[in-house]
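Novice: One structure, pasted below without further comment.
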Amino acid sequence: MLKHVIVTTLALAASAGASAQVNVPVYGYVVKNSYPHDPKAFTQGLFFRDGHLYETTGRNGTSSLRKVELNTGKVVQKADMPQEIFGEGSTPVGNDIVALTWTSQVGYVYDMKTFKLKQTFKYVGEGWGLASDAKQVYMSDGSSFIRILEPRTYKELRRIQVTHKGQPIERLNELEMVDGELFSNVWGSELILRIDPANGSVKGVINLEGLLPAAQRGTLDPDAVLNGIAWDAKRKRLFVTGKLWPRVFEIELRPQER
């Protein structure tokens, strides 16, 4: 299944670059800066707020919510999740941080300033990625669907399916809202999709191949894959990283030649 998903997504990028009739731009990247990142952090959710990165990490026994200095990678604030919890994506909602769990079907709401747990909420199925805007919360569950949640009760309002040329794209993972578009990692690939949050159509593909080759990741863990997108809206900076990666990269997107 995963191989099929990756092949389908790579075909999406290739077709977009090969045919002038396919109106889906493909983007490469230029690395603007590189910052230290905890190589033991199994990055699940990432966002930028007021000069700091906020990160949720996964795996049972090591799941946490963190506030991280961008320039040094130092963890300046941390809240550990229960040992039995496998943490997943996170996003800011007002003055709170909302975080998912993988298979426990429970979400956490933390106070952004104190990291105090304020409440929990339930959902059905798996939790993968989260993003938010001023009106809604967007949740991925590993499928081709994105759930739209009400930002006070976190109740599901509806779902959109992410598609390219009518074909669903599965394994949607970490999410980030970037200037009105929903960016999504595709788990196991080196691609990020640019998605129209109104209808799920793919508006562009970002190819991050070669950003940090496997031989430079400092681990043989097969799950040390690209995952983590953060957007600094004030300074228009885009940050990306991966699970167990030793670096966070600030990148600038560049259209690839067709």
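Ligands are numbered from 1 in the order shown, residues from 1 within each chain, and chains are lettered A, B, ... in the order they appear in the structure tokens.
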List every residue of region 27-84 of chain A that has an atom at most 12 Å from any atom of region 132-143 of chain A, and for each one report the closest atom pair and its distance in Å to one decimal, counting only C-alpha atoms, with rows sorted by chain and then by increasing residue number, as a tab-separated table.

Specialist:
residue	atom	partner	partner_atom	distance
A:Gln44	CA	A:Ser140	CA	11.8
A:Gly45	CA	A:Met139	CA	11.4
A:Phe47	CA	A:Ser132	CA	10.5

Novice: With distances taken over only C-alpha atoms, which residue among A:Ala131, A:Leu193, A:Gly94, A:Gly200 lies nearest Thr163 (chain A)?

Specialist: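 Smallest separation from Thr163 (chain A) among the options: A:Gly200.
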
Novice: How many Å lie between CA of Lys118 (chain A) and CA of Phe145 (chain A), rounded to one decimal?

Specialist: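 A separation of 28.1 Å between them.
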
Novice: Could you check which of A:Trp231, A:Val162, A:Phe86, A:Phe115 is closest to Gly180 (chain A), using only C-alpha atoms?

Specialist: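 Of the candidates, the smallest distance to Gly180 (chain A) is held by A:Trp231.
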
Novice: With distances taken over only C-alpha atoms, which of A:Trp187, A:Val98, A:Asp111, A:Lys243 is nearest to Gly58 (chain A)?

Specialist: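 When distances to Gly58 (chain A) are compared using only C-alpha atoms, the smallest one comes from A:Lys243.
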
Novice: Within 12 Å of region 61-70 of chain A, which residues of region 113-143 of chain A show up? Give each one with its shortest atom-to-atom distance in Å (one decimal) and the two atoms involved, counting only C-alpha atoms, rows by chain then rising residue number, as a tab-separated table.

Specialist:
residue	atom	partner	partner_atom	distance
A:Lys113	CA	A:Lys67	CA	9.9
A:Thr114	CA	A:Lys67	CA	10.7
A:Phe115	CA	A:Leu65	CA	8.0
A:Lys116	CA	A:Leu65	CA	10.6
A:Leu117	CA	A:Leu65	CA	10.7
